[in-house]
Amino acid sequence: MRIDVLTLFPEMFASPLAHSILRRAQAAGLVEIVLSNIRDFAADSYRKVDDKPYGGGSGMVMMAAPVFACFEHVRAQAEEPGRVILLTPQGQPFSQAIATELARQPRLILIAGRYEGFDERIRLGLGAEQISIGDYVLSGGELPAMVVIDAVVRLLDGAVGDENSVRDESFSEGLLEYPQYTRPEEFRGMRVPEVLLGGDHKKIEAWRKQQALDRTRQWRPDLLDKNNPKNNETGV
Ligand code: ADE
């Protein structure tokens, strides 16, 4: 998979891309992440990339021309056209389902905005989809782009050591994860639940499923699909 990122701050990506799963996935050739600086494509000698909004109002708007020039340069670097995604609070809320779908694509082109927003012609002219990572406003799309990259890359085959750990975790089955314990058996008076020490795998599985359901009901009842009886009864 190839992921292009168009940004005014490519340096912001250095640390997240240089550690843990993202570093290993790149080293193993599962993903190639190419950062491009939109400012390198500004037309004037001031390297101007933003301007005042037509109609007045506060703040600055990202100009269409440098983004288009950067995009066209980047797109030509690989045959695959790719899914073009703007990171913006106006976008579709990001989810595990969207991450799973994006992980199947051969190429993503992520565009991170700064300032008060993008000139609307960027979205229209590039036929871009929009993704938001939540209902709050960040200073730019760089952190959201990193969130999307992390969630997508760890789903690529071979990125995470144990495939079961990706399958079992929160959200992949629409439920929160069951509680986990490791040694010692007792810590500050709190004991590991007896069932986990017994070695009866059927019992452990049933307990975990029940815990996942109970926690989802308590903390994230919105996740429980009323039409999915599987999520309302353990059947054990
Ligand atoms: N840019 C600024 N805030 C954002 C958000 N919540 N999601 C995606 N991009 C953003």
# chains A, B, ... in the order shown; residues from 1 in each chain; ligands from 1

$ residues_near_ligand --ligand "ligand 1" --cutoff "10 Å" --atoms "only C-alpha atoms and all ligand atoms" --output "number ranges by chain"
A: 86-94, 111-117, 130-145, 147-148

$ residues_around --residues "segment 74-80 of chain A" --least-positions-apart "2" --cutoff "8 Å" --atoms "only C-alpha atoms" --output "PDB file with C-alpha atoms, in the first residue's frame"
ATOM      1  CA  ASP A   4       0.683  10.009   0.286  1.00  0.00           C
ATOM      2  CA  SER A  36       4.879  16.149   0.473  1.00  0.00           C
ATOM      3  CA  CYS A  70       1.136  19.380  -5.041  1.00  0.00           C
ATOM      4  CA  PHE A  71      -1.632  16.853  -5.667  1.00  0.00           C
ATOM      5  CA  GLU A  72      -0.933  16.588  -9.380  1.00  0.00           C
ATOM      6  CA  GLY A  82      -5.874   6.325  -4.979  1.00  0.00           C
ATOM      7  CA  PRO A 106      -3.749   0.073  -2.802  1.00  0.00           C
ATOM      8  CA  ARG A 107      -3.288   3.813  -2.346  1.00  0.00           C
TER       9      ARG A 107
END

$ residues_around --residues "Leu176 of chain A" --least-positions-apart "4" --cutoff "9 Å" --atoms "only C-alpha atoms" --output "ChimeraX atom specification"
/A:169-172,211-213,215-216,219-220,223

$ residues_around --residues "Leu108 of chain A" --least-positions-apart "3" --cutoff "8 Å" --atoms "only C-alpha atoms" --output "list of chain:residue names"
A:Arg2, A:Ile3, A:Asp4, A:Gly82, A:Arg83, A:Val84, A:Ile85, A:Leu102, A:Gln105

$ closest_residue --among "A:Pro179, A:Ala206, A:Lys52, A:Ile149" --to "Pro193 of chain A" --atoms "only C-alpha atoms"
A:Pro179

$ atom_distance --atom1 "atom CA of Met1 of chain A" --atom2 "atom CA of Pro81 of chain A"
12.2 Å

$ atom_distance --atom1 "atom CA of Gln26 of chain A" --atom2 "atom CA of Arg154 of chain A"
11.0 Å

$ select_by_dssp --residues "segment 93-138 of chain A" --states "alpha helix (DSSP H)" --output "list in words"
Gln96, Ala97, Ile98, Ala99, Thr100, Glu101, Leu102, Glu120, Arg121, Ile122, Arg123, Leu124, Gly125 and Leu126 of chain A

$ write_last_selection --atoms "C-alpha atoms" --output "short mmCIF file (atom, residue, chain, number, x, y, z; two decimals), in the first residue's frame"
data_model
loop_
_atom_site.label_atom_id
_atom_site.label_comp_id
_atom_site.auth_asym_id
_atom_site.auth_seq_id
_atom_site.Cartn_x
_atom_site.Cartn_y
_atom_site.Cartn_z
CA GLN A 96 -13.04 0.99 12.65
CA ALA A 97 -15.29 0.13 9.69
CA ILE A 98 -13.81 2.96 7.62
CA ALA A 99 -10.27 1.97 8.69
CA THR A 100 -10.97 -1.61 7.53
CA GLU A 101 -12.22 -0.40 4.18
CA LEU A 102 -9.27 1.95 3.67
CA GLU A 120 -14.10 24.70 -1.41
CA ARG A 121 -12.73 24.12 -4.94
CA ILE A 122 -10.13 21.76 -3.47
CA ARG A 123 -12.84 19.33 -2.37
CA LEU A 124 -14.88 19.82 -5.51
CA GLY A 125 -12.01 19.75 -8.00
CA LEU A 126 -10.21 16.76 -6.52
#

$ residues_around --residues "Val192 of chain A" --least-positions-apart "5" --cutoff "7 Å" --atoms "only C-alpha atoms" --output "PyMOL selection string"
chain A and resi 181+185-186

$ closest_residue --among "A:Ala25, A:Val34, A:Asp222, A:Arg208" --to "Leu196 of chain A" --atoms "only C-alpha atoms"
A:Arg208

$ select_by_dssp --residues "segment 40-190 of chain A" --states "strand (DSSP E or B)" --output "list of chain:residue names"
A:Asp50, A:Asp51, A:Val61, A:Met62, A:Arg83, A:Val84, A:Ile85, A:Leu86, A:Leu87, A:Thr88, A:Pro89, A:Gln90, A:Gly91, A:Gln92, A:Pro93, A:Arg107, A:Leu108, A:Ile109, A:Leu110, A:Ile111, A:Ala112, A:Phe118, A:Glu129, A:Gln130, A:Ile131, A:Ser132, A:Glu186, A:Phe187, A:Met190

$ atom_distance --atom1 "atom CA of Met63 of chain A" --atom2 "atom CA of Lys48 of chain A"
8.5 Å
